[in-house]
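Some notes on the structure that comes next.
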Protein chains: 2
Amino acid sequence: MPQSWLLAYDGFHPEEEGLRESLCTLGNGYIATRGAGPEAEAGDVHYPGTYLAGGYNRLKTDIAGRVVENEDLVNLPNWLSFTFRIDGDTWFHLGAVEILSYRQELNLKQGVLTRTIHFRDKQGRRTKVSSRRFVHMKERHLCGLETSLTAENWSGNLEVLSGLDGRVVNAGVARYRQLSSKHLEWIKAASFDGDSLLLQVRTNQSHLEISQAARLRVLAGGKTLNVERHTVEEPGFIAQKLSVELAPGQAVTFEKIVSIFTSKDRATSESGLEAHDVIQRSRGFDQLLQGHVLAWKHLWHRCSIEVDDGERTALVLRLHIFHLLQTVSFHAIDLDVGVPARGWHGEAYRGHVFWDELFIFPFLNLRIPELTRSLLLYRYRRLGEARAAAKAAGFRGAMFPWQSGSNGREESQRVHLNPRSGRWVPDNTYLQRHVNAAIAYNIWQYYQVTNDLEFMYFFGAEMILEIARFWASVTVYNPEVDRYEIHNVMGPDEYHDAYPDAREPGLRNNAYTNIMAVWVLCRALDVLETLPEERREELRTMLALEREEIELWEEISRKMRLVFFHDGVLSQFEGYENLEELDWDAYRAKYGAVQRLDRLLEAEGDSPNRYKVSKQADVLMLFYLFSAEELGELFERLRYPFPYETIPKNVNYYLERTTHGSSLSGVVNSWVLARSDRPRSWRLFTQALEGDIKDSQHGTTAEGIHLGAMSGTVDLIQRGYTGIEARGDVLRFNPSLPAQLKRLRMSLRYRQQWLEVEVTQERLKVSNFTHGGNPVRIGFREDVLELQSGGSREFRL
Amino acid sequence: MPQSWLLAYDGFHPEEEGLRESLCTLGNGYIATRGAGPEAEAGDVHYPGTYLAGGYNRLKTDIAGRVVENEDLVNLPNWLSFTFRIDGDTWFHLGAVEILSYRQELNLKQGVLTRTIHFRDKQGRRTKVSSRRFVHMKERHLCGLETSLTAENWSGNLEVLSGLDGRVVNAGVARYRQLSSKHLEWIKAASFDGDSLLLQVRTNQSHLEISQAARLRVLAGGKTLNVERHTVEEPGFIAQKLSVELAPGQAVTFEKIVSIFTSKDRATSESGLEAHDVIQRSRGFDQLLQGHVLAWKHLWHRCSIEVDDGERTALVLRLHIFHLLQTVSFHAIDLDVGVPARGWHGEAYRGHVFWDELFIFPFLNLRIPELTRSLLLYRYRRLGEARAAAKAAGFRGAMFPWQSGSNGREESQRVHLNPRSGRWVPDNTYLQRHVNAAIAYNIWQYYQVTNDLEFMYFFGAEMILEIARFWASVTVYNPEVDRYEIHNVMGPDEYHDAYPDAREPGLRNNAYTNIMAVWVLCRALDVLETLPEERREELRTMLALEREEIELWEEISRKMRLVFFHDGVLSQFEGYENLEELDWDAYRAKYGAVQRLDRLLEAEGDSPNRYKVSKQADVLMLFYLFSAEELGELFERLRYPFPYETIPKNVNYYLERTTHGSSLSGVVNSWVLARSDRPRSWRLFTQALEGDIKDSQHGTTAEGIHLGAMSGTVDLIQRGYTGIEARGDVLRFNPSLPAQLKRLRMSLRYRQQWLEVEVTQERLKVSNFTHGGNPVRIGFREDVLELQSGGSREFRL
């Protein structure tokens with residue numbers, strides 16, 4: 001196995017376990033597994049086994065505004081519960097033995113995590129423990145853990161305790177620990193068939209039932225051992241205790257196959273019954289693993305991006321693709337799940353869904369569009385809630401929330417803790433209305449790539465129209481300048497939620513928001529134009545969409561206001577030019593890292609609202625989302641000049657004033673430099689690439705990986721450096737590889753055709769591997785040509 | 001409103017209430033409402049308000065084989081619970097008053113049921129009660145009941161009791177009453193906001209939670225009255241009691257808006273919370289009704305079939321389309337529901353899913369393909385269960401069950417009651433393996449109509465391959481005739497489940513089954529040919545599909561055995577020719593109706609297995625499903641002759657020997673005569689049309705409408721008499737209207753184009769109303785031509 005397929009760690013370092021766990025998380029769809037140590041207690045790290053986006057944020061605050069109760073991300077019962085002891089000693093504990101060697105290895109190609117521990121205990125007994133585990137990528141309800149124990153220099157009684165543990169709590173994020181942490185109520189536990197257990201729990205707020213069944217087999221020398229078992233039961237916990245006599249050099253293997261069902265699962269009757277039946281007819285570890293490895297092989301065939309730049313880039317890209325594919329897996333197609341910002345890898349943000357799809361869909365659209373479609377339906381199902389939110393706020397149409405959970409209502413916290421000052425500070429991030437533009441953008445991109453007219457017809461058009469209506473309704477006319485304006489919002493840059501010393505939060509005319517609103521209104525007009533007559537009429541009457549309203553959309557889309565500095569740089573928002581410049585040197589000298597300048601300033605009694613500083617890309621997002629051509633068209637529509645210098649000028653201005661406090665920022669910044677400054681772009685790319693694997697934000701990865709940034713780095717390779725743009729009926733290419741990237745190769749699915757793309761410094765080759773179907777149109781710089789099935793075209797760069 | 005949009009009944013006839021209720025059921029997706037009388041107690045009819053396909057058939061039989069416990073179709077709590085009394089008298093009861101007039105009216109155009117009762121009580125008080133109700137076709141969680149009461153000649157205190165009743169039982173089918181009937185456990189009840197109630201229950205086997213919230217408003221003279229309310233609570237029941245003083249001529253209106261959620265609903269947190277929130281922000285009755293009526297308007301625009309033959313046919317066709325659209329409604333797109341044989345209209349067959357899609361999809365494919373897609377996904381989700389079933393039976397691939405419920409396992413009863421003899425008789429209908437061919441057929445038809453390659457790619461192909469594999473694995477080679485055979489099955493004709501006096505059930509070489517198996521194998525070979533390379537390889541490795549197996553499919557598809565009589569008529573199964581002819585005259589003389597000859601014979605100690613009689617179409621299904629051209633190709637492939645006389649010969653032979661004990665049979669028989677004997681076909685069509693509305697089977701409609709037959713009659717008009725066939729890339733037409741049908745007009749959606757079809761005795765006109773998109777290819781007799789968007793073509797017949 002080449003090193004670029006293995007994420008391997010040697011040595012046991014308790015302080016690193018949180019990070020390692022997050023990076024080695026295995027999962028699919030709604031289940032993901034973490035489990036510290038050798039599936040036994042490991043130092044101080046006590047993560048539960050699995051996660052599930054469950055409940056509903058029943059967030060309550062006390063008089064002081066402190067959060068006292070909340071339920072969202074729910075830990076599944078820990079199915080990894082497995083420990084052992086020798087001759088009745090204390091149960092195995094990593095901290096209590098002398099570790100001779102310790103290695104953990106995540107095989108990205110196969111989706112298997114192995115861990116090997118060689119230790120000597122206080123009695124001088126040397127034991128080897130090795131375990132393998134997987135969460136099945138095809139049979140979505142199954143996972144497996146195989147643990148082998150070898151008595152190296154001792155003989156005696158090996159006692160094993162293997163269970164299902166529903167006593168798990170949410171304790172993964174230190175600053176949330178004052179929130180309520182226990183979400184599971186015990187329903188029942190039982191043992192069956194001699195070798196199997198069943199545990200059933202219910203989430204206490206959302207009443208979701210979760211059932212797990214586990215079958216344990218004991219093998220030695222390739223044969224199954226019939227071992228007597230005792231059931232150990234406590235409220236919320238059930239386990240089997242069994243023991244085996246070992247002689248020096250002898251090994252024994254424990255094979256634990258677990259099924260997981262919830263009451264939300266489709267095609268089920270009752271979760272306990274299903275978990276029971278599935279485990280009864282499940283095959284053994286090796287057979288299941290075989291199917292799992294095959295599923296991963298197929299996934300990689302579809303999703304691999306091969307780069308020639310040494311192993312590190314290849315490894316990290318694979319790690320990112322790996323986590324992306326198991327967070328929003330094929331299984332998610334039939335689940336009602338969104339894209340949680342931190343994957344299912346940790347408890348940060350409590351599983352909430354933000355706008356990260358914007359960074360994640362471009363990869364999926366071009367490979368597994370059926371999955372993107374399903375994720376868009378997740379939003380469609382919450383359209384009613386978004387309509388209710390718009391209405392409650394006095395707007396029309398649909399207003400999707402900045403953060404959301406199970407039922408799609410706004411879940412953004414209203415206060416957050418600054419760990420530096422210990423203060424709970426008002427949180428106005430719910431004003432990031434731009435998430436609505438991101439949703440419309442995602443629908444449109446999906447449609448461009450797939451030409452899925454049925455989706456647009458039945459779902460997409462309605463969402464775009466309702467979002468457009470929302471934007472039109474938040475817009476106000478300013479007669480002084482004969483322009484439309486948007487007030488009281490926040491852009492993506494979370495350092496600015498209000499004007500300095502203002503009583504009310506919100507900013508006026510955020511450039512990103514205003515341009516996105518215009519773009520959405522244009523797409524809504526396109527939708528009305530291209531929808532079949534009968535559906536257009538249905539939607540017009542159903543939504544009571546009058547001619548005047550549509551005319552207003554047209555007008556706003558031509559007269560939205562943008563604010564510029566005198567030299568033509570876009571003002572992040574109206575009034576930005578009046579803010580103070582920050583004394584960067586002084587702050588760097590004082591604090592070192594200034595990524596979370598907001599916390600530093602707040603602790604000083606100051607606020608980033610006063611300064612020309614950004615936590616993350618805001619104006620620059622525009623150059624990330626739109627090609628210069630498309631942006632030029634938008635400016636022309638608005639009758640604003642768009643000289644050639646606009647992009648580099650804005651990039652230079654804002655890059656100098658950004659602290660990169662968000663993981664997404666690095667991706668955007670690298671992207672916007674991809675044309676103008678390839679070496680710098682590559683440097684930013686490699687920094688972004690290392691974000692999680694090196695935990696650049698010092699501790700945040702242990703709370704869950706940054707899925708948007710992971711996907712964004714992959715997309716930088718996929719689209720950023722290849723200049724791929726799906727617009728109209730053409731898939732355009734315009735590659736420009738950084739010097740460090742000698743060659744890249746990948747497969748894409750575009751409008752039901754399977755394309756292979758190969759790019760080097762000198763040439764671009766696009767081949768169509770499909771049999772039959774309509775040819776696709778590909779563009780290279782100014783040229784557009786048809787690529788028939790079976791055809792291939794090569795271009796010199 | 002023209003009469004052809006109104007199903008109206010005058011007069012109160014307690015003995016008819018069951019039938020009327022079934023025909024007047026309102027619903028959508030998983031909720032359907034029935035409710036006898038004026039939403040008060042009505043005679044002896046006590047149907048619950050709503051149904052839901054819930055649980056899992058936990059069917060248990062005692063030693064005598066009698067069913068003692070079962071859970072499947074679950075009644076939702078009755079939200080229609082509403083009654084009243086005057087001056088403290090007994091609560092209103094239809095049987096206890098003198099009815100002056102009584103009218104109930106189902107408005108098919110708007111989906112509204114109204115009921116007007118004018119009565120005089122024992123005290124001589126005359127009162128008028130009128131109610132309207134709907135189950136919302138757009139806002140799927142809402143329904144509304146408005147009741148107006150007018151004191152005609154009295155003054156006094158009108159007391160009303162309006163509640164949510166979770167004490168409902170399954171009692172709709174007399175012969176099931178010895179089964180367990182109570183499926184709901186009470187969780188909680190509460191009142192809130194002064195005017196609203198919440199009831200929450202859980203199904204006792206599947207643990208599904210169901211929550212309802214109801215808001216009651218009182219209006220008089222167009223104004224809301226603030227009336228004091230008292231909460232009445234019993235386990236499983238909560239209601240509000242309130243009273244109003246009325247003077248002669250005064251009227252008061254009660255507006256009850258109800259929300260329903262279950263724990264399976266998507267985009268929800270906890271069902272009680274959602275029901276509560278939705279009712280809190282819900283609009284009033286009239287506003288909701290407006291949106292509901294608009295949704296129906298859009299549905300009719302899509303789904304109307306206009307016929308010129310007097311109002312009766314038009315009315316009944318509309319009734320059938322109406323029930324089809326509310327049973328498998330737009331809402332079902334996001335639910336995991338199949339097509340229950342009896343709609344959600346009654347408890348017969350306990351909500352089970354059989355093969356009725358075969359008769360239902362042709363209508364939906366050509367109008368709401370997104371819905372058919374979703375119904376096919378219902379099957380796809382149960383593919384794992386079908387694989388397990390095949391494995392357990394010693395076969396390969398996927399074996400879908402004859403009857404299924406929530407989790408897709410076999411739910412066919414193993415004994416059934418003959419009410420005539422009182423005996424529980426073994427039931428071998430699970431041997432109807434042909435349901436698997438129907439599923440493959442449905443996938444293929446959907447694909448032909450929509451060209452939805454993505455569906456085939458991700459879901460359809462896998463199902464077809466697994467079903468083909470199943471057919472190949474049940475096939476056995478007979479070296480004597482060098483042919484492949486299928487043993488131990490039943491065809492659609494349920495009169496034959498075994499050879500006379502055989503110990504084991506099952507028949508050999510059922511013609512329908514064998515030909516369908518061949519057809520499925522051919523489509524599987526097509527699928528392998530047309531799938532993109534990368535997906536074919538994925539499926540081949542995932543399913544471990546070897547070259548030898550595919551070669552075997554090819555071979556079986558050329559060498560399947562069919563058995564013929566000496567005169568070329570297809571034998572329904574091998575050995576059918578040895579059965580006795582029934583003395584039809586004797587049986588008709590003895591019993592009158594012989595539709596359920598099986599019950600008559602069993603009661604006599606005899607069995608239909610001994611006779612050349614059919615309950616329903618079996619061989620004739622072939623002429624229903626395939627055009628002569630396609631069938632000819634299949635026979636040619638099998639190297640059997642297929643002379644021109646084959647079809648009429650078989651039709652004549654089997655029509656003479658069929659009792660039409662199944663509602664589907666009339667449709668098939670009318671269809672197979674549509675070309676050769678139009679007058680007789682039309683007669684059979686009109687008989688089939690009247691099946692439910694006249695309750696031709698004497699009592700079965702009250703147990704639930706026959707959805708397949710309803711849809712089948714519509715499809716007779718749609719495809720049967722127009723000769724529409726979607727095959728390859730061509731939509732073929734070959735109209736041949738019966739004399740009684742002067743003109744028909746309908747809209748179709750074919751490959752994303754919107755077509756309008758008009759047929760008279762003399763001409764066919766097809767117009768394409770779409771803007772843009774690819775032209776579609778239409779065929780008329782031998783010609784094939786392209787129809788551009790905006791284009792129109794006319795053909796003389």
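In the structure tokens, chains take letters A, B, ... by order of appearance, with residues numbered from 1 within each chain and ligands from 1 in the order shown.
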
Just the residues within 10 Å of segment 365-368 of chain A, please, counting only C-alpha atoms, with nothing from its chain fewer than 6 positions along; format it as a short mmCIF file (atom, residue, chain, number, x, y, z; two decimals) with C-alpha atoms, in the first residue's frame.
```
data_model
loop_
_atom_site.label_atom_id
_atom_site.label_comp_id
_atom_site.auth_asym_id
_atom_site.auth_seq_id
_atom_site.Cartn_x
_atom_site.Cartn_y
_atom_site.Cartn_z
CA LEU A 299 -16.03 5.13 -4.75
CA ARG A 302 -15.42 7.62 -9.30
CA CYS A 303 -13.85 10.15 -7.03
CA SER A 304 -10.11 9.88 -7.19
CA SER A 329 -22.05 9.24 1.54
CA PHE A 330 -24.16 7.36 -0.95
CA ILE A 333 -29.21 9.75 -0.69
CA ASN A 442 -26.09 25.45 -5.32
CA GLN A 445 -24.82 24.78 -10.21
CA TYR A 446 -26.39 21.35 -9.85
CA TYR A 447 -28.69 22.18 -12.72
CA GLN A 448 -25.84 23.45 -14.90
CA VAL A 449 -23.85 20.28 -14.39
CA THR A 450 -26.66 17.77 -14.70
CA GLN A 718 -10.54 20.06 -9.48
CA ALA A 726 -20.16 24.58 -16.04
CA SER A 747 -12.90 11.46 -13.90
CA LEU A 748 -15.98 13.65 -14.09
CA ARG A 749 -19.62 12.98 -14.70
CA TYR A 750 -21.15 15.77 -16.75
CA ARG A 751 -24.68 15.54 -18.10
CA GLN A 752 -24.71 11.77 -17.84
CA TRP A 754 -18.30 10.07 -18.08
CA LEU A 755 -15.28 12.19 -18.88
CA PHE B 458 -28.33 4.44 -9.57
#
```

Note to self: From a backbone DSSP assignment, name each residue in segment 513-700 of chain B labelled strand (DSSP E or B), as a list in words.
What the structure shows: Met560, Phe564, Leu570, Glu580, Tyr611, Ser614 and Thr658 of chain B

Neighbouring residues of Glu105 of chain B were defined as those with any atom within 7 Å, considering only C-alpha atoms; residues of the same chain fewer than 3 positions away were excluded. Please report them as a short mmCIF file (atom, residue, chain, number, x, y, z; two decimals) with all heavy atoms, in the first residue's frame.
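This went into out.cif:
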```cif
data_model
loop_
_atom_site.label_atom_id
_atom_site.label_comp_id
_atom_site.auth_asym_id
_atom_site.auth_seq_id
_atom_site.Cartn_x
_atom_site.Cartn_y
_atom_site.Cartn_z
N LEU B 6 -69.45 16.11 -9.46
CA LEU B 6 -70.02 15.94 -8.12
C LEU B 6 -70.48 14.51 -7.90
O LEU B 6 -71.26 13.97 -8.68
CB LEU B 6 -71.25 16.84 -7.95
CG LEU B 6 -71.05 18.32 -7.76
CD1 LEU B 6 -72.40 19.01 -7.59
CD2 LEU B 6 -70.15 18.60 -6.56
N LEU B 7 -70.01 13.92 -6.83
CA LEU B 7 -70.57 12.65 -6.40
C LEU B 7 -71.55 13.00 -5.29
O LEU B 7 -71.14 13.39 -4.20
CB LEU B 7 -69.45 11.74 -5.89
CG LEU B 7 -69.89 10.35 -5.45
CD1 LEU B 7 -70.32 9.52 -6.65
CD2 LEU B 7 -68.76 9.66 -4.70
N ALA B 8 -72.82 12.90 -5.58
CA ALA B 8 -73.80 13.38 -4.62
C ALA B 8 -74.77 12.29 -4.21
O ALA B 8 -75.13 11.43 -5.02
CB ALA B 8 -74.56 14.56 -5.22
N TYR B 9 -75.15 12.30 -2.95
CA TYR B 9 -76.12 11.34 -2.43
C TYR B 9 -77.18 12.11 -1.66
O TYR B 9 -76.86 12.98 -0.86
CB TYR B 9 -75.46 10.36 -1.47
CG TYR B 9 -74.44 9.47 -2.12
CD1 TYR B 9 -73.09 9.75 -2.00
CD2 TYR B 9 -74.83 8.35 -2.86
CE1 TYR B 9 -72.14 8.94 -2.59
CE2 TYR B 9 -73.89 7.54 -3.46
CZ TYR B 9 -72.55 7.84 -3.32
OH TYR B 9 -71.62 7.03 -3.92
N LEU B 113 -65.61 17.77 0.76
CA LEU B 113 -66.80 16.98 1.07
C LEU B 113 -67.74 17.84 1.89
O LEU B 113 -67.36 18.39 2.92
CB LEU B 113 -66.40 15.74 1.87
CG LEU B 113 -67.54 14.81 2.26
CD1 LEU B 113 -68.17 14.14 1.04
CD2 LEU B 113 -67.06 13.74 3.24
N THR B 114 -68.98 17.97 1.41
CA THR B 114 -69.96 18.71 2.22
C THR B 114 -71.09 17.78 2.58
O THR B 114 -71.39 16.82 1.86
CB THR B 114 -70.54 19.92 1.46
OG1 THR B 114 -71.13 19.46 0.25
CG2 THR B 114 -69.48 20.92 1.10
N ARG B 115 -71.71 18.08 3.71
CA ARG B 115 -72.82 17.27 4.16
C ARG B 115 -73.83 18.21 4.80
O ARG B 115 -73.47 19.06 5.60
CB ARG B 115 -72.33 16.24 5.18
CG ARG B 115 -73.28 15.11 5.39
CD ARG B 115 -72.73 14.11 6.36
NE ARG B 115 -72.23 12.89 5.74
CZ ARG B 115 -71.02 12.42 5.91
NH1 ARG B 115 -70.16 13.06 6.66
NH2 ARG B 115 -70.66 11.30 5.35
#
```

Check: Pick the closest to chain B from A:Leu294, A:Leu198, A:Val339, A:Ile260: which is it, counting only C-alpha atoms?
Finding: A:Leu294

Taking only C-alpha atoms into account, produce a table as JSON lines in which each residue of segment 133-186 of chain B with an atom at most 10 Å from an atom of segment 698-707 of chain B appears once, together with its shortest atom pair and the distance in Å to one decimal, ordered by chain and rising number.
```
{"residue": "B:Gly172", "atom": "CA", "partner": "B:Glu703", "partner_atom": "CA", "distance": 6.4}
{"residue": "B:Val173", "atom": "CA", "partner": "B:Glu703", "partner_atom": "CA", "distance": 6.1}
{"residue": "B:Ala174", "atom": "CA", "partner": "B:Glu703", "partner_atom": "CA", "distance": 9.1}
```

Can you check which parts of chain A lie within 7 Å of chain B? Per residue, the shortest pair of atoms and distance in Å to one decimal, counting only C-alpha atoms, sorted by chain and number, as a Markdown table.
```
| residue | atom | partner | partner_atom | distance |
| --- | --- | --- | --- | --- |
| A:Gly55 | CA | B:Ser269 | CA | 5.6 |
| A:Tyr56 | CA | B:Ser269 | CA | 5.4 |
| A:Ser206 | CA | B:Glu270 | CA | 4.5 |
| A:His207 | CA | B:Glu270 | CA | 6.4 |
| A:Lys264 | CA | B:Lys264 | CA | 5.3 |
| A:Arg266 | CA | B:Asp336 | CA | 6.4 |
| A:Ala267 | CA | B:Asn407 | CA | 4.4 |
| A:Thr268 | CA | B:Asn407 | CA | 4.2 |
| A:Ser269 | CA | B:Ser206 | CA | 5.4 |
| A:Glu270 | CA | B:Ser206 | CA | 4.5 |
| A:His298 | CA | B:Glu538 | CA | 6.3 |
| A:Asp336 | CA | B:Arg266 | CA | 6.4 |
| A:Arg381 | CA | B:Ala267 | CA | 6.1 |
| A:Arg382 | CA | B:Ala267 | CA | 6.2 |
| A:Ser406 | CA | B:Ser269 | CA | 5.4 |
| A:Asn407 | CA | B:Thr268 | CA | 4.2 |
| A:Gly408 | CA | B:Ala267 | CA | 6.6 |
| A:Pro532 | CA | B:Thr770 | CA | 5.7 |
| A:Glu533 | CA | B:Thr770 | CA | 6.8 |
| A:Glu538 | CA | B:His298 | CA | 6.3 |
| A:Thr770 | CA | B:Pro532 | CA | 5.7 |
| A:His771 | CA | B:Pro532 | CA | 6.1 |
```

Checklist line | Selected residue, from B:Arg433, B:Lys241, B:Lys128, B:His323, that lies nearest to Val489 of chain B when counting only C-alpha atoms | finding: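 For Val489 of chain B, the nearest of the given residues is B:Arg433.
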
Margin query: Neighbouring residues of segment 578-581 of chain A were defined as those with any atom within 6 Å, considering only C-alpha atoms; residues of the same chain fewer than 3 positions away were excluded. Please report them as number ranges by chain.
Written below: A: 575, 610-612

The selected residues should be written to file as a JSON list (two decimals), in the first residue's frame (atoms: all heavy atoms).
```json
[["chain", "number", "residue", "atom", "x", "y", "z"],
["A", 575, "GLY", "N", -19.79, 52.26, 4.45],
["A", 575, "GLY", "CA", -19.21, 52.79, 5.69],
["A", 575, "GLY", "C", -17.92, 52.11, 6.10],
["A", 575, "GLY", "O", -17.27, 52.54, 7.06],
["A", 610, "ARG", "N", -14.69, 48.03, 14.77],
["A", 610, "ARG", "CA", -14.06, 49.36, 14.61],
["A", 610, "ARG", "C", -12.99, 49.38, 13.54],
["A", 610, "ARG", "O", -12.53, 50.45, 13.15],
["A", 610, "ARG", "CB", -13.47, 49.82, 15.94],
["A", 610, "ARG", "CG", -14.54, 50.13, 17.01],
["A", 610, "ARG", "CD", -13.89, 50.65, 18.28],
["A", 610, "ARG", "NE", -12.97, 51.75, 18.00],
["A", 610, "ARG", "CZ", -11.76, 51.88, 18.55],
["A", 610, "ARG", "NH1", -11.30, 50.98, 19.40],
["A", 610, "ARG", "NH2", -10.98, 52.92, 18.22],
["A", 611, "TYR", "N", -12.56, 48.21, 13.07],
["A", 611, "TYR", "CA", -11.36, 48.18, 12.23],
["A", 611, "TYR", "C", -11.59, 47.61, 10.83],
["A", 611, "TYR", "O", -12.51, 46.81, 10.60],
["A", 611, "TYR", "CB", -10.27, 47.35, 12.93],
["A", 611, "TYR", "CG", -9.92, 47.89, 14.28],
["A", 611, "TYR", "CD1", -10.46, 47.32, 15.43],
["A", 611, "TYR", "CD2", -9.07, 49.00, 14.41],
["A", 611, "TYR", "CE1", -10.16, 47.82, 16.69],
["A", 611, "TYR", "CE2", -8.76, 49.51, 15.66],
["A", 611, "TYR", "CZ", -9.31, 48.92, 16.80],
["A", 611, "TYR", "OH", -9.02, 49.42, 18.04],
["A", 612, "LYS", "N", -10.67, 48.00, 9.94],
["A", 612, "LYS", "CA", -10.66, 47.43, 8.59],
["A", 612, "LYS", "C", -9.96, 46.08, 8.62],
["A", 612, "LYS", "O", -8.83, 45.94, 8.11],
["A", 612, "LYS", "CB", -9.94, 48.39, 7.64],
["A", 612, "LYS", "CG", -10.76, 49.62, 7.29],
["A", 612, "LYS", "CD", -9.98, 50.62, 6.49],
["A", 612, "LYS", "CE", -10.88, 51.75, 6.01],
["A", 612, "LYS", "NZ", -10.17, 52.99, 5.77]]
```

Next item on the list: Can you pull out every residue within 10 Å of Arg680 of chain A, counting only C-alpha atoms, but drop anything in the same chain fewer than 4 positions away, and send it as a PyMOL selection string?
Entry: chain A and resi 669-670+673-674+676+684-686+738
